Protein chains: 2
Amino acid sequence: MAGLKYSRQREAVKNYLMSTKEHPTADMVYNKIREEYPNISLGTVYRNLSLLVELGEVVKVPSMDGCDHFDGDTSAHYHFICTECGRISDIDTNLEEELSRINREVNRGFDGYINGSAIHFYGHCQDCMAKSKIS
Amino acid sequence: MAGLKYSRQREAVKNYLMSTKEHPTADMVYNKIREEYPNISLGTVYRNLSLLVELGEVVKVPSMDGCDHFDGDTSAHYHFICTECGRISDIDTNLEEELSRINREVNRGFDGYINGSAIHFYGHCQDCMAKSKIS
DNA sequence: TTTAATCATAGTAATCGTTACTATTATTCT
DNA sequence: AGAATAATAGTAACGATTACTATGATTAAA
């Protein structure tokens, strides 16, 4: 009744996302998977990405560049977006304490009910800092 | 040399955004302004919105629904997104202290340089909570 | 206050990420 | 093996946004 069948393509998408720290877009996933399955279709990539997000096996990451990025690491962590090059990287600092305190604090003064929050960070990545020092 | 000329349309866009707490999309702005200027073009709205964002007179707000929302209130505040109806509302709690502490803490363990962060909150707005109690 | 320069506009076409559709292929159940 | 059904490839459609172009408005100078 669940009706979910195995597919090589879906497995390849998931494996790739779990193996990289790149936070790729759908198109980047497509191009990577195409190395192994040259005629996978872009639609298949999109469909499997949203399926995996629904299943909670993959996470959708916000970005500056207007298109969705994906992350196979579903553990609690946060993202840094370089305002120079747009690259997304992981923040490893544990913020669960602070964030749940903030959630409680904000909930106290709020009409509705808050059950989650998202935080992300902006700045210059290591590479872009190095580059700007040279020039 | 700055070359920025006055335009009624731009002023209307800015005034509307400063007068509402709705966090409208470009299309919503377009429909509102059309009441006063029936043949303003959608492109004009988009162009002025990004211009105003560049000038820092308006702020772009992230959302669930895939399209940009705008806010004429540029003071430090945060946003709540209702996961039921998608509506965006303001959070008035002051979090500057907590957030700058978090920024410092995260910066300590990070390769690049963090100069900002964004936080937003998810949950059910007052209206949607009322509705779900009825049914 | 005409003139010249240039910015902004309306209207339309093009772009880009994403989703929907359809006939075919793969997986699963019996 | 065969029937049932989910997943695929390929393509068309979609919606938000951007680009283009000829016309109109604003500014600065004569």
# chains A, B, ... in the order shown; residues from 1 in each chain; ligands from 1
$ closest_atom_pairs --of "chain B" --to "chain A" --cutoff "8 Å" --atoms "only C-alpha atoms" --output "Markdown table"
| residue | atom | partner | partner_atom | distance |
| --- | --- | --- | --- | --- |
| B:Ile91 | CA | A:Phe110 | CA | 7.3 |
| B:Asp92 | CA | A:Gly109 | CA | 7.9 |
| B:Thr93 | CA | A:Val106 | CA | 6.0 |
| B:Leu95 | CA | A:Ile102 | CA | 7.9 |
| B:Glu98 | CA | A:Ile102 | CA | 7.9 |
| B:Ile102 | CA | A:Glu98 | CA | 7.9 |
| B:Glu105 | CA | A:Thr93 | CA | 7.9 |
| B:Val106 | CA | A:Thr93 | CA | 6.0 |
| B:Gly109 | CA | A:Thr93 | CA | 7.0 |
| B:Phe110 | CA | A:Ile91 | CA | 7.3 |
| B:Asp111 | CA | A:Gln126 | CA | 5.7 |
| B:Gly112 | CA | A:Gln126 | CA | 4.2 |
| B:Tyr113 | CA | A:His124 | CA | 5.2 |
| B:Ile114 | CA | A:Gly123 | CA | 4.3 |
| B:Asn115 | CA | A:Gly123 | CA | 5.0 |
| B:Gly116 | CA | A:Tyr122 | CA | 5.0 |
| B:Ser117 | CA | A:Phe121 | CA | 4.1 |
| B:Ala118 | CA | A:His120 | CA | 5.5 |
| B:Ile119 | CA | A:Ile119 | CA | 4.2 |
| B:His120 | CA | A:Ala118 | CA | 5.5 |
| B:Phe121 | CA | A:Ser117 | CA | 4.1 |
| B:Tyr122 | CA | A:Gly116 | CA | 5.0 |
| B:Gly123 | CA | A:Ile114 | CA | 4.3 |
| B:His124 | CA | A:Tyr113 | CA | 5.2 |
| B:Cys125 | CA | A:Gly112 | CA | 4.3 |
| B:Gln126 | CA | A:Gly112 | CA | 4.2 |
| B:Asp127 | CA | A:Gly112 | CA | 7.8 |
| B:Met129 | CA | A:Gly112 | CA | 6.9 |
$ residues_around --residues "DA9 of chain D" --least-positions-apart "4" --cutoff "12 Å" --atoms "only C-alpha atoms (C1' of nucleotides)" --output "PDB file with C-alpha atoms (C1' of nucleotides), in the first residue's frame"
ATOM      1  CA  GLN A   9      18.288   6.529 -10.155  1.00  0.00           C
ATOM      2  CA  TYR A  37      23.552   7.046 -15.985  1.00  0.00           C
ATOM      3  CA  PRO A  38      24.000   9.104 -19.154  1.00  0.00           C
ATOM      4  CA  ASN A  39      20.316   9.264 -19.993  1.00  0.00           C
ATOM      5  CA  ILE A  40      18.743   9.972 -16.660  1.00  0.00           C
ATOM      6  CA  SER A  41      16.260  12.773 -17.117  1.00  0.00           C
ATOM      7  CA  LEU A  42      16.254  16.062 -15.268  1.00  0.00           C
ATOM      8  CA  GLY A  43      12.635  15.444 -14.304  1.00  0.00           C
ATOM      9  CA  THR A  44      13.649  12.217 -12.595  1.00  0.00           C
ATOM     10  CA  VAL A  45      16.210  14.100 -10.555  1.00  0.00           C
TER      11      VAL A  45
ATOM     12  C1'  DT C  22       2.615  10.451 -21.658  1.00  0.00           C
ATOM     13  C1'  DA C  23       4.070   6.426 -23.591  1.00  0.00           C
ATOM     14  C1'  DT C  24       7.518   2.994 -22.286  1.00  0.00           C
ATOM     15  C1'  DT C  25      10.344   0.316 -18.968  1.00  0.00           C
TER      16       DT C  25
END
$ interface_residues --of "chain C" --to "chain A" --cutoff "12 Å" --atoms "only C-alpha atoms (C1' of nucleotides)" --output "ChimeraX atom specification"
/C:16-21,25-29
$ select_by_dssp --residues "chain A" --states "helix (DSSP H, G or I)" --output "VMD selection string"
chain A and resid 8 to 19 26 to 36 42 to 55 96 to 108 126 to 134
$ closest_atom_pairs --of "chain D" --to "chain A" --cutoff "12 Å" --atoms "only C-alpha atoms (C1' of nucleotides)" --output "Markdown table"
| residue | atom | partner | partner_atom | distance |
| --- | --- | --- | --- | --- |
| D:DA4 | C1' | A:Gly3 | CA | 11.5 |
| D:DT5 | C1' | A:Gly3 | CA | 8.3 |
| D:DA6 | C1' | A:Lys5 | CA | 6.1 |
| D:DA7 | C1' | A:Ser7 | CA | 7.1 |
| D:DT8 | C1' | A:Thr44 | CA | 7.1 |
| D:DA9 | C1' | A:Ser41 | CA | 5.7 |
| D:DG10 | C1' | A:Ser41 | CA | 7.5 |
| D:DT11 | C1' | A:Gly43 | CA | 10.3 |
| D:DA16 | C1' | A:Gly66 | CA | 10.4 |
| D:DT17 | C1' | A:Gly66 | CA | 10.2 |
$ atom_distance --atom1 "atom CA of Glu96 of chain A" --atom2 "atom CA of His23 of chain A"
21.7 Å
